[in-house]
Structures are given as structure tokens and as C-alpha cells.
Amino acid sequence: MNLHLPARHDGTRETVNAGRRRVVIIGANGSGKTRFTESLISEMEEKAFRISALNALYRSLDPDTLPGSIDRLFADAVKRSTFLRDDVPTQFDRLMMLMVLDEMLNLFAGKVSGKEPAKSRLDSVIKAWQEIFPDSRVLYEGGRMLFSRNPGESYSPVKLSDGEKAVLYYFGAAMYAPEGAVIFVDSPGLFLHPSITGIIWDKVESMRPDCTFIYTTHDIEFLSSRPDNLIIWVRDYDATSVSWDYAVLPPGSPMSDDLYMALIGTRKPVLFIEGDATHSIDAKLYPLVFTDYTVRSLGSCNKVIEATRTFNDLNSFHHLDSHGIVDRDRRDPKEVKYLRDKKIFVPDVAEIENILMLEEVIKTVARTCGKKEEKVFAHVKKSILGQFRQEIRQQALLHTRHRVKRFVECRIDGRFTNIGQLERHMTGLVDEIKPRQMFQRFCNDFHRYVAEDDYSSVLRVYNQKSMLPASNVAGLCGLANKDAYIKKVIDILRHDGPGAERIRKAIISCFGIDETQASAKPTISLAQND
């Protein structure tokens, strides 16, 4: 079926094909997505059917006036049945009474005809309920619907949890939608645990294969549970002109829906980072440094690079700026420049732990802890240079291996018509790469850094996660251990005083950008030099 979407700010309208039977309208709170949905409903005439657990469970005013709605069906049933009360407080209760009434009429019809009663709506609901909650049975006794978890015990729907009521409501309400209806679902994840939300709606959709489902939500997790859907992103609403800023996501977008949708509720620039969102230092540190960004953890550096590239390729669609951050690791200046040209921030230290060892970071923590910052840093610097001196050959070998690997990856991609050509090509690689000479150059450079007390250069090339605890920086600052030191850095940034500005400035400078470039600007120009 075709959906005729409301007017945009510029007066244009769009028609989209909802043949996939599933549409998600998503947007931030206050973006106008609910009004957008209501505009669609007004165009549907008698095909629209509305489902809202919040309205059904708690709101008793303003009954749903759509033709075929639960409230209208119940009102009609009250007129026909003398034993139905007309003061039932919620739509949930009205739905329960409708299902029980239909079951009674179905049983009466079976007795009159002498035939086995036809399958009722309540039968479908009970079957779906027990598939989701196999330990909970639904009973029909004396014209009442009851629930039981233990033999000999039963209770009414009133005693169900909000989540259980929502599931029962979704199953029951869907069965009352008109044939071929467009079912509009408001906040479909409300009251449901994320682990079962997708399962619930898969079941509802399977119960009504004739219907089209349009979900309105700001819930990213719900969106990721609805694969292969048409997505309408509502960004803004103008009440004066009754128009919207919205976009229909391009089909076949290479970016996963859950990642893409994690970003649409914000107008901030986007910053993709490595690590996980819960435990990594990256996720704790970078949102407090790059405060004008929406920070999103993606895991590996490859995912960061790919997401930044893809997101920026779609810039004409979403108008959001995007950058990434990856550790420098053992990348050479050419690799770093390539990434920075692609809007990937690369620090002038080897990895995230080294950022915590920047001179200004150490001094700020020491001062905050009441220690003499120059003395603390001098001890830490001496310790780090000493550690590095002991590992120069090992570190040089690791850098050599990385450089050789990158070189071979580039050269081995050549096209060869037979195995002989490949063999000849590989035979000459050692002479071409000269790994021993490369290794010696790294050793010479590293020895020079130590001889010249070049602490910054050591941080740039030294990949060693034990550096922080081995340097005793925590103890010198009067802190218990490495974790306490990291927590102190985070706490200083979070309180946003002079210490936070000092740390933030040092870290931003470490990325080769200045503070104005790291603020919320539409576009950030990265430093082109390494």
C-alpha cells in the first residue's frame, strides 16, 4: 500500500510504498513524530486502527473515536448487551470484557448449531500468551478470564504486572483490528523488557498477516528488533505551518539500522570511538573531552573507520557531521595522515592509556591530590623512559612487524595470472622491504628518544598497557591503584573546573586540533601534519 506523507517545511509531500507491511516512525522527543503519525491516521479513514498500551492501561478520558476502535466496539457491545457495564475505567478492561463476551457468544452459537465452536479471538490470544509465558496458563471460568502459575491458584487480569498486561493487550487488540487494517502502534517497547520486545511484535504481526504495522517510537533497541523495515525519520515540526522536517531512510543503506538510529535523536556532531560502551576507558573519557559530540562506541578500529566513512557518505541525507577516533598504535605518518583526511582523529600517543600519561594530565591529577606536580611528573617520566629503554628491541620489532605487514598487504593485492608470478613476486619482497634495516632504524630512533629525554615521542610509539601501573603514577599521586587514578581523571573532567579545562586542553591538543575545532562546529578541519 502507498502512504501519503504529510507536508514538509518547503511544502513538498512524498508518497512511499509500505509494501513491506512494517514501517517505523522514529524521532527524538519533541520532534513532532506523534503529530506526524496523527496526520497519517487522518488520511487512512476507516483503515486506521490505533494501539497504545499507555492509553489502554492508564488513561480513561478521551476514548478512541476511530471507526472500529476498541472503545467504539465496546460502546456498540454495551448497547446490544444488557449485562455489560458502561463505566469500565480503561481500554484494557474494555478489551478483556469484549474478548469474554465474544467467547460466550461463540460458545452459545456452538450449542445452538450443535457444532464444535469456531476458533475465537480469545483462543488465538491464549495460544500466543502461552507461547510467550509457558509457565502461565489462561483459564476461562464462569464468564471470567483468569490466570494461573500454580495448580489450584488463579487470579484476575487486574493482578498482572504492567508488562504482562501490555502483552495481553497487544495480542487482544490486534485481533480486533479490521481486516486489512493499518495498525498504528504508539511506543511499542513501553512496559516490555528489551529481550522480548522483538519476540512480542513478531508474534503480533504473525497473528495479523493481513495488516500493515506502523510503529511510532524513539526507542533505538526496538528499531533494531524490526529488520527490513521502512524507516521515516521525523526531525522537526512547525506548528504554525503544520509541516515537518522528515526523511525516508534510503533502502539498502550500508550502515546497520541500530547504529544509524542511535544517532538520529540528536543534532550534535557524531563521534565514533573504539571499545565497548560500558567498560572501556574510551567510553568514559571521550564524552567528557569532546562534550559537543554524541559519542558512540563501536568496538574495533575497523568498525570506527567504516562507520565514519559510511556516515559521511550519507551526509547529504542526515546533515550531521561525523568523526571517528582510533588509537595510533604503530601507524606511520602516512597512515595517520590518510585517516585524518578521512575525518578520523588519531592522537599523538600510541593508545588510550598513554593519553592518561600525558604530562598535563599527570600534573593536574597530582595537584588535585595535593601533591607537588613537578616532582610527581619527574618521577613518572624517569620510570617510563626506564621501562622503554629496557624494551627498545622488543618495541622496535613490533613496529617493524606492523610496517612489513602493511607493505605486504598492499603489494600482495597485485594481480597474478599464475602461481609462478606470485612466487617470483614474493621472493623479491624481503630484498625490497629490508626488514633488518627497518628494525635497526627503529632501534636508533628509540634510543635517541631516551637519550634526549623525549617523553612525548616515547608516548607516541610505546604500546604497553602495563605502563600506567608500572610507572607508579597512582601511588605518587596518593591514590590506591591504576583504577583509582583513572577514576580521578574522570572525576576531574566531570566536575568541569580549572583542572578539567587543563586536562581537556591537553588531550585535544594531543589530537592535532585546537579547542575551537573540537567544539560543536558543522565541520572540523583536521591538522594535516603528522
# chains A, B, ... in the order shown; residues from 1 in each chain; ligands from 1
$ closest_atom_pairs --of "segment 384-417 of chain A" --to "segment 453-461 of chain A" --cutoff "10 Å" --atoms "only C-alpha atoms" --output "Markdown table"
| residue | atom | partner | partner_atom | distance |
| --- | --- | --- | --- | --- |
| A:Ile384 | CA | A:Tyr455 | CA | 8.1 |
| A:Leu385 | CA | A:Tyr455 | CA | 7.1 |
| A:Phe388 | CA | A:Val458 | CA | 7.5 |
| A:Arg389 | CA | A:Val458 | CA | 9.8 |
| A:Gln395 | CA | A:Val461 | CA | 8.2 |
| A:Ala396 | CA | A:Val461 | CA | 9.2 |
| A:His399 | CA | A:Val461 | CA | 8.4 |
$ write_last_selection --atoms "N, CA, C and O atoms" --output "compact mmCIF listing (two decimals), in the first residue's frame"
# COMPACT_ATOMS: atom_id res chain seq x y z
N ILE A 384 58.98 5.84 33.08
CA ILE A 384 58.54 5.46 31.73
C ILE A 384 59.74 5.33 30.79
O ILE A 384 59.85 4.36 30.02
N LEU A 385 60.65 6.28 30.84
CA LEU A 385 61.83 6.21 29.97
C LEU A 385 62.67 4.99 30.32
O LEU A 385 63.24 4.34 29.42
N PHE A 388 60.89 1.92 28.89
CA PHE A 388 61.03 1.90 27.44
C PHE A 388 62.43 1.49 27.03
O PHE A 388 62.61 0.72 26.07
N ARG A 389 63.44 1.98 27.76
CA ARG A 389 64.83 1.62 27.44
C ARG A 389 65.02 0.11 27.49
O ARG A 389 65.70 -0.46 26.64
N GLN A 395 60.02 -3.41 21.26
CA GLN A 395 59.14 -2.43 20.63
C GLN A 395 59.51 -2.18 19.18
O GLN A 395 58.63 -2.05 18.31
N ALA A 396 60.80 -2.15 18.89
CA ALA A 396 61.25 -1.96 17.51
C ALA A 396 60.81 -3.12 16.63
O ALA A 396 60.41 -2.93 15.46
N HIS A 399 57.06 -2.69 15.86
CA HIS A 399 56.85 -1.67 14.83
C HIS A 399 57.28 -2.18 13.46
O HIS A 399 56.62 -1.91 12.45
$ residues_around --residues "Ile362 of chain A" --least-positions-apart "3" --cutoff "9 Å" --atoms "only C-alpha atoms" --output "ChimeraX atom specification"
/A:356-359,365-367,373,376-377,380,473,477,489,503
$ select_by_dssp --residues "segment 144-322 of chain A" --states "helix (DSSP H, G or I)" --output "PyMOL selection string"
chain A and resi 157-159+162-175+194-207+220-224+257-261+281-289+301-313+315-318
$ closest_residue --among "A:Ser52, A:Val248, A:Phe108, A:Val270" --to "Ala174 of chain A" --atoms "only C-alpha atoms"
A:Ser52
$ residues_around --residues "segment 423-434 of chain A" --least-positions-apart "4" --cutoff "8 Å" --atoms "only C-alpha atoms" --output "list in words"
Val404, Phe407, Val408, Ile412, Ile419 and Met438 of chain A
$ write_last_selection --atoms "C-alpha atoms" --output "short mmCIF file (atom, residue, chain, number, x, y, z; two decimals), in the first residue's frame"
data_model
loop_
_atom_site.label_atom_id
_atom_site.label_comp_id
_atom_site.auth_asym_id
_atom_site.auth_seq_id
_atom_site.Cartn_x
_atom_site.Cartn_y
_atom_site.Cartn_z
CA VAL A 404 56.14 -5.18 6.99
CA PHE A 407 53.69 -3.30 3.00
CA VAL A 408 52.98 -6.94 2.13
CA ILE A 412 50.19 -8.87 -2.45
CA ILE A 419 51.46 -19.23 -9.31
CA MET A 438 63.99 -1.15 9.12
#
$ closest_residue --among "A:Ala307, A:Leu98, A:Ile355, A:Leu168" --to "Phe74 of chain A" --atoms "only C-alpha atoms"
A:Leu98
$ closest_residue --among "A:Ala166, A:Ile281, A:Ile70, A:Ala177" --to "Tyr58 of chain A" --atoms "only C-alpha atoms"
A:Ala166
$ select_by_dssp --residues "segment 323-460 of chain A" --states "strand (DSSP E or B)" --output "count of residues only"
5
$ closest_residue --among "A:Gly512, A:Pro151, A:Pro6, A:Pro67" --to "Pro178 of chain A" --atoms "only C-alpha atoms"
A:Pro67
$ residues_around --residues "Met175 of chain A" --least-positions-apart "5" --cutoff "10 Å" --atoms "only C-alpha atoms" --output "VMD selection string"
chain A and resid 99 120 to 122 124 to 125 169 to 170 204 207 to 208
$ closest_residue --among "A:Val100, A:Asn481, A:Ile214, A:Arg13" --to "Leu146 of chain A" --atoms "only C-alpha atoms"
A:Val100
$ closest_residue --among "A:Cys369, A:Leu223, A:Ile508, A:Ile513" --to "Ile492 of chain A" --atoms "only C-alpha atoms"
A:Cys369
$ residues_around --residues "segment 129-138 of chain A" --least-positions-apart "4" --cutoff "9 Å" --atoms "only C-alpha atoms" --output "VMD selection string"
chain A and resid 124 to 125 145 to 150 167 to 168 171 196 199 to 200 203
$ write_last_selection --atoms "all heavy atoms" --output "compact mmCIF listing (two decimals), in the first residue's frame"
# COMPACT_ATOMS: atom_id res chain seq x y z
N SER A 124 -6.98 -17.47 20.04
CA SER A 124 -5.72 -17.01 19.45
C SER A 124 -4.85 -16.29 20.47
O SER A 124 -3.63 -16.45 20.51
CB SER A 124 -6.00 -16.07 18.26
OG SER A 124 -6.71 -16.74 17.25
N VAL A 125 -5.50 -15.49 21.32
CA VAL A 125 -4.77 -14.75 22.35
C VAL A 125 -4.16 -15.71 23.36
O VAL A 125 -2.99 -15.57 23.76
CB VAL A 125 -5.69 -13.73 23.04
CG1 VAL A 125 -5.00 -13.12 24.26
CG2 VAL A 125 -6.11 -12.64 22.05
N MET A 145 -12.03 -14.32 32.63
CA MET A 145 -10.70 -14.74 32.22
C MET A 145 -9.79 -14.70 33.44
O MET A 145 -9.69 -13.69 34.14
CB MET A 145 -10.15 -13.80 31.13
CG MET A 145 -8.82 -14.28 30.55
SD MET A 145 -8.06 -13.05 29.46
CE MET A 145 -9.37 -12.79 28.28
N LEU A 146 -9.13 -15.83 33.73
CA LEU A 146 -8.26 -15.94 34.88
C LEU A 146 -6.88 -16.45 34.46
O LEU A 146 -6.72 -17.05 33.39
CB LEU A 146 -8.86 -16.91 35.92
CG LEU A 146 -10.23 -16.55 36.49
CD1 LEU A 146 -10.74 -17.67 37.38
CD2 LEU A 146 -10.16 -15.23 37.26
N PHE A 147 -5.89 -16.23 35.32
CA PHE A 147 -4.52 -16.64 35.04
C PHE A 147 -4.02 -17.50 36.19
O PHE A 147 -4.41 -17.31 37.35
CB PHE A 147 -3.62 -15.42 34.86
CG PHE A 147 -3.96 -14.62 33.65
CD1 PHE A 147 -5.03 -13.71 33.67
CD2 PHE A 147 -3.26 -14.77 32.46
CE1 PHE A 147 -5.36 -12.98 32.56
CE2 PHE A 147 -3.60 -14.04 31.35
CZ PHE A 147 -4.65 -13.14 31.39
N SER A 148 -3.13 -18.44 35.86
CA SER A 148 -2.63 -19.34 36.89
C SER A 148 -1.19 -19.73 36.60
O SER A 148 -0.83 -20.02 35.46
CB SER A 148 -3.50 -20.61 36.94
OG SER A 148 -2.94 -21.56 37.83
N ARG A 149 -0.37 -19.72 37.65
CA ARG A 149 1.00 -20.22 37.55
C ARG A 149 1.18 -21.51 38.34
O ARG A 149 2.09 -22.29 38.04
CB ARG A 149 1.99 -19.16 38.07
CG ARG A 149 2.20 -17.99 37.14
CD ARG A 149 3.45 -17.21 37.52
NE ARG A 149 3.68 -16.11 36.59
CZ ARG A 149 3.18 -14.89 36.74
NH1 ARG A 149 2.42 -14.62 37.79
NH2 ARG A 149 3.44 -13.94 35.86
N ASN A 150 0.35 -21.71 39.33
CA ASN A 150 0.43 -22.91 40.17
C ASN A 150 -0.92 -23.61 40.21
O ASN A 150 -1.97 -22.95 40.22
CB ASN A 150 0.86 -22.54 41.60
CG ASN A 150 2.21 -21.84 41.63
OD1 ASN A 150 3.19 -22.34 41.08
ND2 ASN A 150 2.24 -20.67 42.26
N VAL A 167 1.39 -7.05 27.13
CA VAL A 167 1.44 -8.16 26.18
C VAL A 167 0.03 -8.66 25.88
O VAL A 167 -0.35 -8.88 24.72
CB VAL A 167 2.32 -9.31 26.72
CG1 VAL A 167 2.24 -10.53 25.79
CG2 VAL A 167 3.77 -8.85 26.84
N LEU A 168 -0.76 -8.85 26.93
CA LEU A 168 -2.13 -9.32 26.75
C LEU A 168 -2.93 -8.32 25.92
O LEU A 168 -3.70 -8.70 25.02
CB LEU A 168 -2.78 -9.52 28.12
CG LEU A 168 -4.17 -10.16 28.14
CD1 LEU A 168 -4.14 -11.54 27.53
CD2 LEU A 168 -4.70 -10.21 29.58
N PHE A 171 -1.82 -8.49 22.15
CA PHE A 171 -2.37 -9.67 21.48
C PHE A 171 -3.87 -9.50 21.22
O PHE A 171 -4.36 -9.77 20.12
CB PHE A 171 -2.14 -10.93 22.33
CG PHE A 171 -0.70 -11.39 22.39
CD1 PHE A 171 -0.29 -12.25 23.40
CD2 PHE A 171 0.22 -10.97 21.45
CE1 PHE A 171 1.03 -12.68 23.46
CE2 PHE A 171 1.54 -11.39 21.51
CZ PHE A 171 1.94 -12.26 22.52
N ILE A 196 12.49 -9.33 25.09
CA ILE A 196 11.32 -9.99 24.50
C ILE A 196 10.51 -9.08 23.59
O ILE A 196 9.54 -9.53 22.98
CB ILE A 196 10.40 -10.58 25.58
CG1 ILE A 196 9.76 -9.47 26.43
CG2 ILE A 196 11.13 -11.58 26.45
CD1 ILE A 196 8.60 -9.95 27.28
N ILE A 199 10.28 -10.35 20.06
CA ILE A 199 9.51 -11.59 20.02
C ILE A 199 8.01 -11.28 20.09
O ILE A 199 7.20 -11.88 19.37
CB ILE A 199 9.92 -12.52 21.18
CG1 ILE A 199 11.40 -12.90 21.05
CG2 ILE A 199 9.05 -13.76 21.23
CD1 ILE A 199 11.95 -13.64 22.26
N ILE A 200 7.66 -10.35 20.98
CA ILE A 200 6.23 -10.00 21.14
C ILE A 200 5.67 -9.49 19.82
O ILE A 200 4.59 -9.93 19.37
CB ILE A 200 6.06 -8.93 22.23
CG1 ILE A 200 6.52 -9.45 23.59
CG2 ILE A 200 4.61 -8.45 22.29
CD1 ILE A 200 5.77 -10.64 24.10
N LYS A 203 5.24 -11.98 17.09
CA LYS A 203 4.04 -12.78 17.32
C LYS A 203 2.79 -12.01 16.91
O LYS A 203 1.89 -12.56 16.25
CB LYS A 203 3.96 -13.19 18.80
CG LYS A 203 2.70 -13.92 19.21
CD LYS A 203 2.45 -15.16 18.37
CE LYS A 203 3.54 -16.19 18.55
NZ LYS A 203 3.25 -17.42 17.77
$ atom_distance --atom1 "atom CA of Val78 of chain A" --atom2 "atom CA of Glu45 of chain A"
24.2 Å
$ residues_around --residues "Ser297 of chain A" --least-positions-apart "3" --cutoff "12 Å" --atoms "only C-alpha atoms" --output "compact mmCIF listing (two decimals) with N, CA and C atoms, in the first residue's frame"
# COMPACT_ATOMS: atom_id res chain seq x y z
N LEU A 259 22.78 1.16 14.56
CA LEU A 259 23.82 2.20 14.67
C LEU A 259 23.29 3.52 14.14
N ALA A 262 20.81 5.17 16.44
CA ALA A 262 21.35 5.65 17.70
C ALA A 262 21.72 7.12 17.62
N LEU A 263 21.80 7.65 16.41
CA LEU A 263 22.30 8.99 16.21
C LEU A 263 21.22 10.00 15.84
N VAL A 270 28.66 13.77 15.49
CA VAL A 270 28.78 12.39 15.95
C VAL A 270 30.25 11.99 16.02
N LEU A 271 30.62 11.27 17.07
CA LEU A 271 31.99 10.82 17.24
C LEU A 271 31.98 9.32 17.52
N PHE A 272 32.50 8.53 16.58
CA PHE A 272 32.61 7.09 16.75
C PHE A 272 33.93 6.76 17.43
N ILE A 273 33.90 5.88 18.42
CA ILE A 273 35.12 5.53 19.14
C ILE A 273 35.25 4.01 19.27
N GLU A 274 36.45 3.59 19.63
CA GLU A 274 36.72 2.18 19.86
C GLU A 274 36.22 1.77 21.25
N GLY A 275 36.29 0.47 21.53
CA GLY A 275 35.93 -0.04 22.84
C GLY A 275 34.44 -0.27 23.00
N ASP A 276 34.06 -0.83 24.14
CA ASP A 276 32.64 -1.03 24.41
C ASP A 276 32.11 0.13 25.24
N ALA A 277 30.80 0.28 25.22
CA ALA A 277 30.18 1.47 25.82
C ALA A 277 30.14 1.44 27.34
N THR A 278 30.48 0.29 27.94
CA THR A 278 30.34 0.16 29.39
C THR A 278 31.67 0.18 30.12
N HIS A 279 32.63 -0.58 29.60
CA HIS A 279 33.84 -0.81 30.39
C HIS A 279 35.09 -0.10 29.87
N SER A 280 35.12 0.31 28.63
CA SER A 280 36.36 0.83 28.07
C SER A 280 36.67 2.23 28.59
N ILE A 281 37.97 2.55 28.66
CA ILE A 281 38.40 3.89 29.04
C ILE A 281 37.89 4.90 28.02
N ASP A 282 37.90 4.52 26.76
CA ASP A 282 37.46 5.42 25.68
C ASP A 282 36.06 5.97 25.96
N ALA A 283 35.14 5.06 26.32
CA ALA A 283 33.75 5.46 26.53
C ALA A 283 33.58 6.34 27.76
N LYS A 284 34.46 6.20 28.73
CA LYS A 284 34.38 7.03 29.93
C LYS A 284 35.03 8.39 29.71
N LEU A 285 36.10 8.41 28.92
CA LEU A 285 36.91 9.62 28.78
C LEU A 285 36.41 10.56 27.69
N TYR A 286 36.19 10.04 26.49
CA TYR A 286 35.94 10.92 25.34
C TYR A 286 34.67 11.76 25.42
N PRO A 287 33.56 11.24 25.98
CA PRO A 287 32.38 12.12 26.10
C PRO A 287 32.63 13.33 26.99
N THR A 294 27.96 13.67 20.10
CA THR A 294 27.32 12.44 20.51
C THR A 294 28.35 11.33 20.29
N SER A 300 35.83 -2.25 17.45
CA SER A 300 37.13 -2.28 16.79
C SER A 300 37.41 -1.01 16.00
N CYS A 301 38.69 -0.78 15.71
CA CYS A 301 39.06 0.40 14.93
C CYS A 301 38.51 0.31 13.51
N LYS A 303 35.67 -0.93 12.58
CA LYS A 303 34.27 -0.50 12.60
C LYS A 303 34.16 1.01 12.70
N VAL A 304 35.07 1.62 13.47
CA VAL A 304 35.07 3.08 13.58
C VAL A 304 35.34 3.72 12.23
N ALA A 307 32.33 3.06 9.82
CA ALA A 307 31.13 3.83 10.19
C ALA A 307 31.30 5.30 9.87
N THR A 308 32.48 5.85 10.12
CA THR A 308 32.73 7.26 9.82
C THR A 308 32.64 7.51 8.32
N GLY A 324 35.66 10.11 13.74
CA GLY A 324 36.00 8.91 14.48
C GLY A 324 37.29 9.13 15.26
N ILE A 325 37.53 8.28 16.22
CA ILE A 325 38.80 8.27 16.94
C ILE A 325 39.31 6.83 16.95
N VAL A 326 40.55 6.64 16.53
CA VAL A 326 41.20 5.34 16.66
C VAL A 326 42.56 5.54 17.33
$ atom_distance --atom1 "atom CA of Gly475 of chain A" --atom2 "atom CA of Val450 of chain A"
23.8 Å
$ residues_around --residues "segment 464-467 of chain A" --least-positions-apart "5" --cutoff "9 Å" --atoms "only C-alpha atoms" --output "list in words"
Ala350, Glu351, Glu353, Asn354, Met357, Ile384, Gln387 and Asn472 of chain A
$ write_last_selection --atoms "N, CA, C and O atoms" --output "PDB file, in the first residue's frame"
ATOM      1  N   ALA A 350      50.392   6.418  21.462  1.00  0.00           N
ATOM      2  CA  ALA A 350      50.147   5.109  20.851  1.00  0.00           C
ATOM      3  C   ALA A 350      48.741   4.584  21.117  1.00  0.00           C
ATOM      4  O   ALA A 350      48.105   4.019  20.224  1.00  0.00           O
ATOM      5  N   GLU A 351      48.213   4.754  22.344  1.00  0.00           N
ATOM      6  CA  GLU A 351      46.903   4.185  22.672  1.00  0.00           C
ATOM      7  C   GLU A 351      46.249   4.977  23.781  1.00  0.00           C
ATOM      8  O   GLU A 351      46.849   5.895  24.357  1.00  0.00           O
ATOM      9  N   GLU A 353      45.536   4.439  26.872  1.00  0.00           N
ATOM     10  CA  GLU A 353      46.198   4.508  28.178  1.00  0.00           C
ATOM     11  C   GLU A 353      47.277   5.584  28.199  1.00  0.00           C
ATOM     12  O   GLU A 353      47.514   6.222  29.225  1.00  0.00           O
ATOM     13  N   ASN A 354      47.944   5.797  27.070  1.00  0.00           N
ATOM     14  CA  ASN A 354      49.014   6.802  27.012  1.00  0.00           C
ATOM     15  C   ASN A 354      48.471   8.220  27.167  1.00  0.00           C
ATOM     16  O   ASN A 354      49.180   9.117  27.616  1.00  0.00           O
ATOM     17  N   MET A 357      48.697   9.372  30.469  1.00  0.00           N
ATOM     18  CA  MET A 357      50.070   9.610  30.909  1.00  0.00           C
ATOM     19  C   MET A 357      50.647  10.902  30.328  1.00  0.00           C
ATOM     20  O   MET A 357      51.851  11.170  30.476  1.00  0.00           O
ATOM     21  N   ILE A 384      58.981   5.841  33.078  1.00  0.00           N
ATOM     22  CA  ILE A 384      58.541   5.458  31.732  1.00  0.00           C
ATOM     23  C   ILE A 384      59.736   5.334  30.790  1.00  0.00           C
ATOM     24  O   ILE A 384      59.845   4.361  30.017  1.00  0.00           O
ATOM     25  N   GLN A 387      61.501   2.106  31.614  1.00  0.00           N
ATOM     26  CA  GLN A 387      60.794   0.939  31.083  1.00  0.00           C
ATOM     27  C   GLN A 387      61.027   0.805  29.582  1.00  0.00           C
ATOM     28  O   GLN A 387      61.293  -0.287  29.073  1.00  0.00           O
ATOM     29  N   ASN A 472      53.886   3.709  38.629  1.00  0.00           N
ATOM     30  CA  ASN A 472      53.504   4.107  39.992  1.00  0.00           C
ATOM     31  C   ASN A 472      52.924   5.517  40.030  1.00  0.00           C
ATOM     32  O   ASN A 472      52.985   6.200  41.044  1.00  0.00           O
TER      33      ASN A 472
END
$ decode --residues "segment 168-187 of chain A" --atoms "N, CA, C and O atoms" --output "short mmCIF file (atom, residue, chain, number, x, y, z; two decimals), in the first residue's frame"
data_model
loop_
_atom_site.label_atom_id
_atom_site.label_comp_id
_atom_site.auth_asym_id
_atom_site.auth_seq_id
_atom_site.Cartn_x
_atom_site.Cartn_y
_atom_site.Cartn_z
N LEU A 168 -0.76 -8.85 26.93
CA LEU A 168 -2.13 -9.32 26.75
C LEU A 168 -2.93 -8.32 25.92
O LEU A 168 -3.70 -8.70 25.02
N TYR A 169 -2.72 -7.05 26.19
CA TYR A 169 -3.43 -6.00 25.44
C TYR A 169 -3.01 -6.02 23.97
O TYR A 169 -3.87 -5.95 23.08
N TYR A 170 -1.71 -6.12 23.69
CA TYR A 170 -1.24 -6.12 22.30
C TYR A 170 -1.83 -7.30 21.52
O TYR A 170 -2.30 -7.15 20.39
N PHE A 171 -1.82 -8.49 22.15
CA PHE A 171 -2.37 -9.67 21.48
C PHE A 171 -3.87 -9.50 21.22
O PHE A 171 -4.36 -9.77 20.12
N GLY A 172 -4.59 -9.07 22.26
CA GLY A 172 -6.03 -8.95 22.12
C GLY A 172 -6.44 -7.84 21.17
O GLY A 172 -7.32 -8.04 20.32
N ALA A 173 -5.82 -6.67 21.29
CA ALA A 173 -6.20 -5.54 20.45
C ALA A 173 -5.97 -5.84 18.98
O ALA A 173 -6.80 -5.50 18.12
N ALA A 174 -4.84 -6.49 18.67
CA ALA A 174 -4.54 -6.79 17.27
C ALA A 174 -5.62 -7.66 16.64
O ALA A 174 -5.94 -7.53 15.45
N MET A 175 -6.21 -8.54 17.44
CA MET A 175 -7.24 -9.44 16.91
C MET A 175 -8.53 -8.69 16.57
O MET A 175 -9.37 -9.22 15.83
N TYR A 176 -8.70 -7.46 17.09
CA TYR A 176 -9.91 -6.70 16.81
C TYR A 176 -9.72 -5.66 15.70
O TYR A 176 -10.66 -4.94 15.35
N ALA A 177 -8.53 -5.57 15.15
CA ALA A 177 -8.31 -4.64 14.05
C ALA A 177 -9.12 -5.08 12.83
O ALA A 177 -9.25 -6.28 12.56
N PRO A 178 -9.70 -4.14 12.07
CA PRO A 178 -10.45 -4.52 10.86
C PRO A 178 -9.57 -5.27 9.88
O PRO A 178 -8.34 -5.15 9.90
N GLU A 179 -10.17 -6.04 9.02
CA GLU A 179 -9.41 -6.80 8.02
C GLU A 179 -8.63 -5.84 7.13
O GLU A 179 -9.17 -4.85 6.64
N GLY A 180 -7.35 -6.14 6.93
CA GLY A 180 -6.50 -5.30 6.07
C GLY A 180 -6.20 -3.94 6.66
O GLY A 180 -5.84 -3.01 5.93
N ALA A 181 -6.31 -3.81 7.96
CA ALA A 181 -6.13 -2.51 8.61
C ALA A 181 -4.67 -2.07 8.61
O ALA A 181 -3.75 -2.87 8.45
N VAL A 182 -4.49 -0.77 8.81
CA VAL A 182 -3.17 -0.22 9.09
C VAL A 182 -3.14 0.01 10.60
O VAL A 182 -3.86 0.87 11.13
N ILE A 183 -2.35 -0.78 11.30
CA ILE A 183 -2.32 -0.74 12.76
C ILE A 183 -1.21 0.20 13.20
O ILE A 183 -0.02 -0.03 12.95
N PHE A 184 -1.59 1.30 13.85
CA PHE A 184 -0.63 2.29 14.35
C PHE A 184 -0.33 1.97 15.81
O PHE A 184 -1.23 1.98 16.66
N VAL A 185 0.93 1.70 16.09
CA VAL A 185 1.34 1.31 17.44
C VAL A 185 2.18 2.43 18.04
O VAL A 185 3.24 2.79 17.51
N ASP A 186 1.73 2.97 19.16
CA ASP A 186 2.45 4.05 19.83
C ASP A 186 3.36 3.47 20.91
O ASP A 186 2.92 2.68 21.74
N SER A 187 4.64 3.84 20.89
CA SER A 187 5.64 3.39 21.89
C SER A 187 5.57 1.89 22.10
O SER A 187 5.25 1.41 23.19
#
